[in-house]
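Here's model-v3.txt, which has compact mmCIF, C-alpha atoms and all ligand atoms:
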# COMPACT_ATOMS: atom_id res chain seq x y z
CA CYS A 1 -25.19 106.02 29.90
CA ALA A 2 -26.40 106.65 26.37
CA HIS A 3 -25.66 109.86 24.50
CA PRO A 4 -28.89 111.90 24.40
CA SER A 5 -28.85 112.19 20.62
CA ALA A 6 -27.93 108.53 20.10
CA LYS A 7 -30.68 106.61 18.36
CA PRO A 8 -31.88 103.62 20.34
CA GLU A 9 -30.10 100.73 18.68
CA SER A 10 -32.57 98.16 17.47
CA ALA A 11 -31.58 94.90 19.13
CA VAL A 12 -30.03 92.23 16.95
CA SER A 13 -32.01 88.98 17.12
CA PRO A 14 -30.27 85.74 18.15
CA TYR A 15 -32.25 84.04 15.35
CA ALA A 16 -30.89 84.34 11.79
CA CYS A 17 -34.49 84.30 10.49
CA GLN A 18 -35.10 87.64 12.25
CA ARG A 19 -32.05 89.27 10.67
CA ARG A 20 -31.56 90.52 7.11
CA THR A 21 -28.23 89.13 5.91
CA THR A 22 -27.19 90.33 2.48
CA LEU A 23 -23.92 89.46 0.74
CA ASP A 24 -22.59 92.86 1.79
CA ASN A 25 -20.47 91.70 4.74
CA HIS A 26 -18.88 94.58 6.68
CA ASN A 27 -17.10 92.30 9.13
CA LYS A 28 -15.29 89.92 6.80
CA ILE A 29 -12.04 90.19 8.77
CA PHE A 30 -13.83 88.64 11.78
CA THR A 31 -16.21 86.27 10.00
CA ASP A 32 -13.44 84.70 7.88
CA ALA A 33 -11.47 83.93 11.05
CA LEU A 34 -14.50 82.52 12.90
CA GLU A 35 -15.36 80.35 9.90
CA VAL A 36 -11.83 78.89 9.80
CA LEU A 37 -12.25 77.93 13.46
CA ALA A 38 -15.67 76.41 12.70
CA GLU A 39 -14.37 74.47 9.73
CA ASN A 40 -11.39 73.15 11.68
CA LEU A 41 -13.71 71.86 14.42
CA GLU A 42 -16.02 70.28 11.82
CA LEU A 43 -13.10 68.47 10.22
CA CYS A 44 -12.23 67.12 13.68
CA GLY A 45 -15.83 65.98 14.21
CA ASN A 46 -16.77 68.61 16.82
CA GLN A 47 -20.08 69.74 15.32
CA GLY A 48 -21.43 71.44 18.47
CA PRO A 49 -18.59 73.91 19.14
CA SER A 50 -18.28 74.46 15.41
CA LEU A 51 -21.89 75.64 15.21
CA ALA A 52 -21.22 78.24 17.92
CA PHE A 53 -18.51 79.84 15.74
CA ARG A 54 -20.78 79.60 12.68
CA ARG A 55 -23.57 81.37 14.54
CA ALA A 56 -21.20 84.09 15.73
CA ALA A 57 -19.95 84.66 12.17
CA SER A 58 -23.49 84.65 10.81
CA MET A 59 -24.65 87.27 13.34
CA LEU A 60 -21.71 89.55 12.42
CA LYS A 61 -22.58 89.22 8.71
CA SER A 62 -25.97 90.81 9.36
CA LEU A 63 -24.58 94.00 10.94
CA PRO A 64 -25.05 97.20 8.90
CA ALA A 65 -21.47 98.36 9.57
CA ALA A 66 -18.07 97.15 10.70
CA LEU A 67 -17.49 96.71 14.43
CA ARG A 68 -15.37 99.61 15.64
CA ARG A 69 -15.08 99.22 19.37
CA LEU A 70 -15.08 96.01 21.29
CA GLU A 71 -17.72 97.39 23.68
CA GLU A 72 -20.15 97.20 20.78
CA THR A 73 -20.08 93.42 21.08
CA GLN A 74 -21.50 93.56 24.62
CA HIS A 75 -25.00 94.07 23.24
CA LEU A 76 -24.73 91.50 20.48
CA PRO A 77 -26.19 87.97 20.69
CA CYS A 78 -24.53 84.70 19.58
CA LEU A 79 -21.08 85.67 20.84
CA GLY A 80 -19.53 83.31 23.35
CA GLU A 81 -16.35 83.83 25.32
CA HIS A 82 -14.23 82.26 22.58
CA SER A 83 -15.69 84.30 19.73
CA ARG A 84 -15.29 87.51 21.74
CA ALA A 85 -11.64 86.70 22.48
CA ILE A 86 -10.97 86.10 18.76
CA ILE A 87 -12.67 89.38 17.80
CA GLU A 88 -10.66 91.22 20.46
CA GLU A 89 -7.37 89.76 19.26
CA ILE A 90 -8.13 90.63 15.63
CA SER A 91 -9.17 94.19 16.57
CA GLU A 92 -5.90 94.66 18.41
CA CYS A 93 -3.38 92.69 16.35
CA GLY A 94 -5.03 92.46 12.94
CA SER A 95 -5.13 88.66 13.07
CA SER A 96 -5.70 85.75 15.43
CA SER A 97 -2.75 83.53 16.33
CA ARG A 98 -5.02 80.47 16.68
CA VAL A 99 -6.47 81.03 13.21
CA GLU A 100 -2.99 81.52 11.71
CA GLU A 101 -1.89 78.33 13.43
CA ILE A 102 -4.81 76.40 11.89
CA LEU A 103 -4.22 77.83 8.43
CA ASN A 104 -0.59 76.69 8.59
CA ASP A 105 -1.40 73.31 10.09
CA GLU A 106 -0.58 70.39 7.84
CA ARG A 107 -3.43 68.39 9.33
CA TYR A 108 -6.03 71.08 8.54
CA ARG A 109 -4.80 71.39 4.98
CA THR A 110 -4.84 67.62 4.45
CA MET A 111 -8.25 67.18 6.07
CA LYS A 112 -9.68 70.02 4.05
CA PHE A 113 -8.40 68.36 0.91
CA SER A 114 -9.62 64.85 1.67
CA GLN A 115 -12.98 65.77 3.25
CA GLY A 116 -13.81 68.89 1.30
CA ASN A 117 -17.04 68.80 -0.64
CA SER A 118 -15.59 68.48 -4.11
CA SER A 119 -13.10 65.76 -3.25
CA HIS A 120 -15.91 63.84 -1.54
CA ILE A 121 -17.83 64.02 -4.80
CA PHE A 122 -14.68 63.01 -6.64
CA PHE A 123 -14.32 59.78 -4.67
CA ARG A 124 -18.01 58.94 -5.04
CA GLN A 125 -17.62 59.87 -8.67
CA CYS A 126 -14.68 57.52 -9.24
CA LYS A 127 -16.39 54.65 -7.43
CA SER A 128 -19.50 55.02 -9.53
CA LEU A 129 -17.57 55.35 -12.76
CA VAL A 130 -15.43 52.33 -12.03
CA CYS A 131 -18.57 50.29 -11.29
CA HIS A 132 -20.44 51.32 -14.40
CA SER A 133 -17.80 51.97 -17.00
CA ILE A 134 -16.44 49.35 -19.37
CA SER A 135 -13.06 51.05 -19.41
CA TYR A 136 -11.44 51.51 -15.99
CA SER A 137 -8.58 53.64 -17.22
CA SER A 138 -10.71 56.13 -19.14
CA ALA A 139 -13.09 56.33 -16.14
CA LEU A 140 -10.23 57.27 -13.84
CA VAL A 141 -8.80 59.76 -16.32
CA ALA A 142 -12.28 61.30 -16.63
CA GLY A 143 -12.64 61.30 -12.82
CA PHE A 144 -9.42 63.24 -12.53
CA LEU A 145 -10.60 65.82 -15.06
CA PHE A 146 -13.92 66.20 -13.18
CA TYR A 147 -12.05 66.72 -9.94
CA GLU A 148 -10.23 69.69 -11.42
CA ASP A 149 -13.46 71.10 -12.82
CA ILE A 150 -15.78 70.57 -9.87
CA SER A 151 -13.27 72.07 -7.43
CA LYS A 152 -13.60 75.32 -9.36
CA PRO A 153 -16.49 77.63 -8.47
CA VAL A 154 -19.46 77.82 -10.83
CA SER A 155 -20.27 81.32 -12.07
CA ARG A 156 -23.69 82.92 -12.44
CA THR A 157 -23.21 82.88 -16.24
CA GLU A 158 -22.57 79.13 -16.13
CA ALA A 159 -25.62 78.70 -13.87
CA SER A 160 -27.78 80.55 -16.43
CA ALA A 161 -26.45 78.38 -19.25
CA LEU A 162 -27.29 75.28 -17.21
CA LYS A 163 -30.78 76.59 -16.53
CA ILE A 164 -31.45 76.63 -20.28
CA ILE A 165 -30.24 73.02 -20.59
CA VAL A 166 -32.29 71.81 -17.60
CA GLU A 167 -35.38 73.73 -18.73
CA GLU A 168 -35.16 72.31 -22.23
CA ALA A 169 -34.95 68.74 -20.90
CA VAL A 170 -37.73 69.23 -18.34
CA ILE A 171 -40.14 70.81 -20.86
CA CYS A 172 -39.37 68.10 -23.39
CA VAL A 173 -40.44 65.51 -20.80
CA ASN A 174 -43.41 67.51 -19.47
CA PRO A 175 -44.41 70.76 -21.22
CA SER A 176 -46.40 71.98 -18.20
CA ALA A 177 -43.47 71.69 -15.77
CA THR A 178 -41.37 74.72 -14.77
CA VAL A 179 -37.79 75.08 -13.52
CA SER A 180 -36.48 77.63 -11.01
CA ILE A 181 -32.97 78.21 -9.79
CA THR A 182 -32.62 77.84 -6.03
CA GLY A 183 -29.73 77.50 -3.53
CA GLY A 184 -27.01 80.17 -3.37
CA PHE A 185 -27.74 81.65 -6.82
CA ARG A 186 -31.32 82.45 -5.76
CA ARG A 187 -29.79 84.30 -2.81
CA GLY A 188 -27.85 86.44 -5.27
CA LYS A 189 -24.43 84.79 -4.97
CA GLU A 190 -22.11 85.28 -7.95
CA PHE A 191 -20.44 81.88 -7.48
CA GLY A 192 -21.46 78.51 -6.09
CA HIS A 193 -20.07 75.02 -5.57
CA ASP A 194 -23.00 73.64 -7.57
CA VAL A 195 -26.25 74.80 -9.22
CA ASP A 196 -29.54 73.88 -7.55
CA PHE A 197 -32.85 73.64 -9.45
CA ILE A 198 -36.37 72.97 -8.25
CA ILE A 199 -38.96 71.56 -10.64
CA LYS A 200 -42.66 72.33 -10.36
CA THR A 201 -45.09 69.84 -11.87
CA PRO A 202 -48.78 70.74 -11.87
CA GLU A 203 -50.10 67.16 -12.13
CA ALA A 204 -49.94 64.90 -9.08
CA GLY A 205 -47.57 61.98 -9.46
CA GLN A 206 -45.46 63.65 -12.17
CA GLU A 207 -42.77 64.53 -9.64
CA ASP A 208 -41.88 60.84 -9.42
CA VAL A 209 -41.34 60.26 -13.13
CA ILE A 210 -39.79 63.53 -14.27
CA LEU A 211 -36.25 63.12 -12.90
CA PRO A 212 -35.56 59.65 -14.37
CA ALA A 213 -36.80 60.99 -17.72
CA VAL A 214 -34.61 64.11 -17.50
CA ILE A 215 -31.57 61.97 -16.63
CA LYS A 216 -32.32 59.71 -19.58
CA ARG A 217 -32.42 62.74 -21.84
CA PHE A 218 -29.10 64.10 -20.55
CA LYS A 219 -27.61 60.65 -21.17
CA SER A 220 -28.85 60.61 -24.76
CA GLN A 221 -27.44 64.13 -25.26
CA ASN A 222 -24.11 62.79 -24.02
CA ILE A 223 -23.81 65.48 -21.31
CA LEU A 224 -24.30 63.26 -18.25
CA LEU A 225 -21.06 62.46 -16.45
CA TYR A 226 -22.51 61.20 -13.18
CA SER A 227 -25.94 60.72 -11.64
CA ASP A 228 -27.24 59.67 -8.26
CA LEU A 229 -31.05 59.50 -8.34
CA GLN A 230 -32.88 59.37 -5.02
CA GLU A 231 -36.46 58.25 -5.38
CA SER A 232 -39.19 59.88 -3.33
CA THR A 233 -39.94 58.50 0.13
CA PHE A 234 -42.38 61.35 0.74
CA ASP A 235 -45.53 60.71 2.78
CA LEU A 236 -48.18 63.43 3.14
CA ARG A 237 -49.03 62.33 6.69
CA LYS A 238 -45.46 62.41 8.01
CA LEU A 239 -44.83 65.16 10.58
CA PRO A 240 -41.88 67.52 10.04
CA THR A 241 -38.72 66.14 11.60
CA HIS A 242 -36.76 67.68 14.48
CA CYS A 243 -33.48 66.53 13.01
CA PHE A 244 -31.99 69.26 10.87
CA GLU A 245 -29.35 67.05 9.26
CA ALA A 246 -31.95 64.60 7.89
CA MET A 247 -32.25 64.61 4.10
CA ASP A 248 -35.67 65.48 2.77
CA HIS A 249 -37.94 62.83 1.25
CA PHE A 250 -38.51 64.40 -2.16
CA SER A 251 -37.50 62.86 -5.44
CA LYS A 252 -34.07 64.40 -6.23
CA CYS A 253 -30.81 63.79 -8.03
CA PHE A 254 -27.20 64.81 -7.70
CA LEU A 255 -25.55 65.12 -11.11
CA ILE A 256 -22.33 66.03 -12.84
CA ILE A 257 -23.11 67.66 -16.17
CA LYS A 258 -20.86 68.49 -19.10
CA LEU A 259 -21.24 72.21 -19.83
CA LYS A 260 -19.98 73.59 -23.17
CA ARG A 261 -17.64 76.55 -22.80
CA GLU A 262 -18.19 79.72 -24.77
CA GLN A 263 -14.57 80.00 -25.83
CA GLU A 264 -11.85 77.47 -25.42
CA THR A 265 -10.16 78.77 -22.28
CA ASP A 266 -8.76 75.41 -21.33
CA ALA A 267 -5.11 74.75 -22.13
CA ARG A 268 -5.72 71.11 -22.97
CA ALA A 269 -6.47 70.89 -26.65
CA GLY A 270 -9.96 69.78 -27.58
CA LYS A 271 -11.66 70.13 -24.20
CA ASP A 272 -14.40 72.63 -24.92
CA TRP A 273 -16.48 71.83 -21.82
CA ARG A 274 -16.29 71.77 -18.05
CA ALA A 275 -17.92 69.45 -15.52
CA VAL A 276 -20.45 71.09 -13.15
CA ARG A 277 -22.28 69.72 -10.11
CA VAL A 278 -26.06 70.07 -10.48
CA ASP A 279 -28.81 69.22 -7.96
CA LEU A 280 -32.44 68.76 -9.05
CA VAL A 281 -35.40 68.36 -6.72
CA ALA A 282 -39.00 67.62 -7.73
CA PRO A 283 -41.48 68.00 -4.84
CA PRO A 284 -45.23 67.37 -5.10
CA LEU A 285 -47.11 70.59 -5.98
CA GLU A 286 -48.87 71.03 -2.63
CA ARG A 287 -45.50 71.10 -0.82
CA PHE A 288 -43.59 73.07 -3.47
CA THR A 289 -43.32 76.29 -1.39
CA TYR A 290 -41.80 74.47 1.59
CA ALA A 291 -39.31 72.73 -0.68
CA LEU A 292 -38.41 76.05 -2.34
CA LEU A 293 -37.82 77.71 1.04
CA GLY A 294 -35.73 74.75 2.26
CA TRP A 295 -33.58 74.51 -0.86
CA THR A 296 -33.00 78.27 -1.04
CA GLY A 297 -31.12 78.18 2.26
CA SER A 298 -28.80 79.35 3.55
CA THR A 299 -28.26 76.31 5.71
CA LEU A 300 -27.89 78.45 8.83
CA PHE A 301 -30.92 80.58 7.96
CA LEU A 302 -33.05 77.44 7.62
CA ARG A 303 -31.63 75.91 10.76
CA ASP A 304 -32.68 79.01 12.75
CA LEU A 305 -36.05 79.27 11.02
CA ARG A 306 -36.84 75.72 12.11
CA ARG A 307 -35.52 76.34 15.63
CA PHE A 308 -37.56 79.55 15.87
CA ALA A 309 -40.73 77.75 14.70
CA ARG A 310 -40.30 75.03 17.30
CA LEU A 311 -39.13 77.06 20.32
CA GLU A 312 -40.98 80.34 19.81
CA ARG A 313 -44.13 79.23 18.00
CA GLY A 314 -44.72 75.58 18.90
CA LYS A 315 -44.69 74.64 15.22
CA LEU A 316 -42.65 72.05 13.35
CA LEU A 317 -41.02 73.12 10.09
CA ASP A 318 -38.93 71.20 7.58
CA ASN A 319 -38.53 71.06 3.77
CA HIS A 320 -41.92 69.31 3.48
CA ALA A 321 -44.35 71.18 5.71
CA LEU A 322 -45.23 73.40 8.64
CA TYR A 323 -47.20 71.66 11.36
CA ASP A 324 -49.00 73.42 14.19
CA LYS A 325 -48.72 71.35 17.36
CA ALA A 326 -51.48 73.32 19.13
CA THR A 327 -54.15 72.55 16.53
CA ASN A 328 -52.57 69.38 15.10
CA THR A 329 -52.84 70.74 11.57
CA PHE A 330 -50.59 71.19 8.56
CA LEU A 331 -50.47 74.83 7.44
CA PRO A 332 -50.78 75.28 3.67
CA ALA A 333 -48.63 77.88 1.88
CA LYS A 334 -48.96 79.22 -1.66
CA THR A 335 -46.01 81.59 -1.32
CA GLU A 336 -42.96 81.95 0.92
CA GLU A 337 -44.62 85.06 2.38
CA ASP A 338 -47.40 82.75 3.67
CA ILE A 339 -44.83 80.67 5.59
CA PHE A 340 -43.25 83.72 7.26
CA ALA A 341 -46.74 84.99 8.08
CA HIS A 342 -47.72 81.63 9.66
CA LEU A 343 -44.67 82.04 11.89
CA GLY A 344 -45.41 85.66 12.74
CA LEU A 345 -42.16 86.79 11.13
CA GLU A 346 -41.42 89.74 8.88
CA TYR A 347 -40.80 88.51 5.34
CA ILE A 348 -37.11 88.08 4.52
CA GLU A 349 -36.26 88.17 0.80
CA PRO A 350 -34.05 85.38 -0.63
CA TRP A 351 -31.07 87.78 -0.99
CA GLN A 352 -31.43 88.66 2.70
CA ARG A 353 -31.11 85.00 3.74
CA ASN A 354 -27.31 84.78 3.38
CA ALA A 355 -26.91 83.99 7.09
P1 LIG B 1 -23.33 76.86 -2.78
O1 LIG B 1 -23.41 78.15 -3.50
O2 LIG B 1 -21.98 76.61 -2.19
O3 LIG B 1 -23.84 75.71 -3.56
P2 LIG B 1 -25.81 76.65 -1.36
O4 LIG B 1 -26.42 77.48 -0.31
O5 LIG B 1 -26.47 76.60 -2.69
O6 LIG B 1 -24.29 77.07 -1.50
P3 LIG B 1 -26.19 73.78 -1.23
O7 LIG B 1 -25.38 72.76 -0.50
O8 LIG B 1 -26.24 73.66 -2.69
O9 LIG B 1 -25.68 75.19 -0.72
O10 LIG B 1 -27.64 73.68 -0.61
C1 LIG B 1 -28.69 74.59 -0.90
C2 LIG B 1 -29.82 74.40 0.08
O11 LIG B 1 -30.48 73.16 -0.14
C3 LIG B 1 -29.37 74.38 1.55
O12 LIG B 1 -30.23 75.16 2.31
C4 LIG B 1 -29.46 72.94 1.97
O13 LIG B 1 -29.83 72.82 3.32
C5 LIG B 1 -30.52 72.39 1.03
N1 LIG B 1 -30.22 71.01 0.65
C6 LIG B 1 -29.19 70.61 -0.11
N2 LIG B 1 -29.21 69.28 -0.28
C7 LIG B 1 -30.28 68.83 0.40
C8 LIG B 1 -30.86 67.56 0.61
N3 LIG B 1 -30.34 66.47 0.10
N4 LIG B 1 -31.98 67.48 1.35
C9 LIG B 1 -32.50 68.61 1.86
N5 LIG B 1 -32.03 69.82 1.70
C10 LIG B 1 -30.93 69.95 0.98
MN MN B 2 -25.82 75.20 -4.15
MN MN B 3 -26.75 71.74 -3.78
If you convert what's in this file into structure tokens, what do you get?
Ligand code: ATP
Ligand code: MN
Ligand code: MN
Amino acid sequence: CAHPSAKPESAVSPYACQRRTTLDNHNKIFTDALEVLAENLELCGNQGPSLAFRRAASMLKSLPAALRRLEETQHLPCLGEHSRAIIEEISECGSSSRVEEILNDERYRTMKFSQGNSSHIFFRQCKSLVCHSISYSSALVAGFLFYEDISKPVSRTEASALKIIVEEAVICVNPSATVSITGGFRRGKEFGHDVDFIIKTPEAGQEDVILPAVIKRFKSQNILLYSDLQESTFDLRKLPTHCFEAMDHFSKCFLIIKLKREQETDARAGKDWRAVRVDLVAPPLERFTYALLGWTGSTLFLRDLRRFARLERGKLLDNHALYDKATNTFLPAKTEEDIFAHLGLEYIEPWQRNA
């Protein structure tokens, strides 16, 4: 029975979109372990079980303090038998034998190397360079240098420097367009694996022409190392999709940009720049807010927001729109607050979406 003076503990929601998850993680010892288990399962192709560990880790990240007693977990959502057992083992022994085993496993290390995000980009990068370059050897040498660079995290300072470059190019193409940083940096992260930007164009149709023009400008400035432009397949009448993994239909591009360094920190003589992964998305104005919400993430926050909309509110949400199945209407949104309000949710700030 509860201690008379104990405050009634406000229940933790099973939905990430009803939790405030800042970068201040009080349960890192548990969440790191659970994320290793999740990653290992992902590398083996077991997406379902992997998501269970990700959800458990995400829930723990939202707690205002470190777990002290195991009984505390009894009242917490998102914890399955496996996650509980791992938490128990770590509380008692300081580490989990299964996690240690994975970390020392040759297969995990190799898989992580060959399927990790940056190496994936590296292989795509090499393929593209070899196809387009006149000199195979210099393309491969360049590819190797990019691999080193893009495996390194991008700092907030580097993200700000890139914002100036992207803004300059965008405004040069269309003076009425604006650029905002999105993704992890909008959520307040100090480092990222890339830098994500969303472009707002006030005139209809501009979103389709702006990215090719920006890419052309980067090329002429000699700072474009790689580009993969995906033209818009957006259709205003299309209903939001159930499938979370589906890419959105906006005009977007995945780039590798040459960023000048402030000082020459690189040992190799003459290399005064580093390669950085940059994503740009240009949605049509009337769907800008949905695109901004979707690209701000985190991935798990958005996954739960969409699940909540569908299961608890009978509405379909994706990066393009929010659709009310009861009235068969699209719900317009000027601000992100509007979207949360449509869903009957308390507003969660970008820096509280680090689920
Ligand atoms: P990091 O700091 O490691 O880059 P991040 O949260 O910024 O972390 P990203 O992979 O850059 O992660 O993605 C940012 C957000 O944009 C995520 O919510 C993701 O779901 C969304 N996103 C990324 N690429 C696409 C895409 N092609 N289509 C739709 N949404 C995307
Ligand atoms: Mn990112
Ligand atoms: Mn990205």
Exercise for review: May I ask you to write as a PyMOL selection string all residues lying at most 12 Å from ligand MN 2 (chain B), with only C-alpha atoms and all ligand atoms counted?
Suggested key: chain A and resi 117+153-156+159+181-198+254+276-280+294-299
Exercise for review: Rounded to one decimal place, report the atom CA of Pro284 of chain A-atom CA of His342 of chain A distance in Å.
Suggested key: 20.7 Å
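Taking atom CA of Thr335 of chain A and atom CA of Glu167 of chain A as endpoints, the distance between them is 21.9 Å.
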Review point. If you measure from atom CA of Val166 of chain A to atom CA of Asp208 of chain A, what distance in Å do you get, rounded to one decimal?
Key: 16.7 Å
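Closest approach to Ala11 of chain A from the set A:Ala177, A:Leu76, A:Leu316, A:Val36 is made by A:Leu76, with distances taken over only C-alpha atoms.
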For Ile210 of chain A, please output as a PDB file with C-alpha atoms, in the coordinates of the input all residues within 9 Å (counting all atoms listed in the file; exclusion window: fewer than 6 positions along the same chain).
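Contents of the output file around.pdb:
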ATOM      1  CA  VAL A 170     -37.730  69.230 -18.340  1.00  0.00           C
ATOM      2  CA  VAL A 173     -40.440  65.510 -20.800  1.00  0.00           C
ATOM      3  CA  ASN A 174     -43.410  67.510 -19.470  1.00  0.00           C
ATOM      4  CA  ILE A 199     -38.960  71.560 -10.640  1.00  0.00           C
ATOM      5  CA  THR A 201     -45.090  69.840 -11.870  1.00  0.00           C
ATOM      6  CA  ALA A 282     -39.000  67.620  -7.730  1.00  0.00           C
TER       7      ALA A 282
END
Determine, counting all atoms listed in the file, which protein, DNA and RNA residues have an atom within 10 Å of an atom of Tyr108 of chain A; residues of the same chain fewer than 4 positions away are not included. Present the result as a short mmCIF file (atom, residue, chain, number, x, y, z; two decimals) with C-alpha atoms, in the coordinates of the input.
data_model
loop_
_atom_site.label_atom_id
_atom_site.label_comp_id
_atom_site.auth_asym_id
_atom_site.auth_seq_id
_atom_site.Cartn_x
_atom_site.Cartn_y
_atom_site.Cartn_z
CA VAL A 36 -11.83 78.89 9.80
CA GLU A 39 -14.37 74.47 9.73
CA ASN A 40 -11.39 73.15 11.68
CA LEU A 41 -13.71 71.86 14.42
CA LEU A 43 -13.10 68.47 10.22
CA CYS A 44 -12.23 67.12 13.68
CA GLU A 101 -1.89 78.33 13.43
CA ILE A 102 -4.81 76.40 11.89
CA LEU A 103 -4.22 77.83 8.43
CA ASN A 104 -0.59 76.69 8.59
CA LYS A 112 -9.68 70.02 4.05
CA PHE A 113 -8.40 68.36 0.91
CA SER A 114 -9.62 64.85 1.67
#
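You can rank A:Lys152, A:Arg307, A:Arg353, A:Lys200 by their closest distance to Arg274 of chain A using only C-alpha atoms, and at the top of that list sits A:Lys152.
Of the residues under consideration (A:Lys252, A:Arg237, A:Lys28, A:Lys219), A:Lys252 shows the shortest atom-to-atom contact distance to ligand MN 3 (chain B) when counting all atoms listed in the file.
With only C-alpha atoms as the atoms that count, the minimum distance from Leu60 of chain A to the choices A:Leu211, A:Ala355, A:Leu292, A:Ala326 is reached by A:Ala355.
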Check your understanding: Near Val209 of chain A, within 10 Å and counting only C-alpha atoms, which residues show up once chain neighbours fewer than 3 positions away are dropped, as an MDAnalysis selection string?
Key -> chainID A and resid 173:174 205:206 212:214 231 251 282
Practice item. Could you tell me which of A:Trp351, A:Tyr147, A:Tyr226, A:Phe340 comes closest to ligand LIG 1 (chain B) if we count only C-alpha atoms and all ligand atoms? Key: A:Trp351
Review point. Around (-46.9, 76.3, 4.7) in the file's frame, which residues reach within 9 Å when counting only C-alpha atoms? Return as a count of residues only?
Key: 19
Check your understanding: Which one of A:Ala161, A:Glu89, A:Val281, A:Arg109 sits closest to ligand MN 3 (chain B) if you count all atoms listed in the file?
Key -> A:Val281
Expected axis-aligned box over every listed atom of ligand LIG 1 (chain B), 6 Å added per side, centre plus edges in Å to one decimal, as JSON:
{"center_x": -27.2, "center_y": 72.3, "center_z": -0.1, "size_x": 22.5, "size_y": 23.7, "size_z": 18.9}
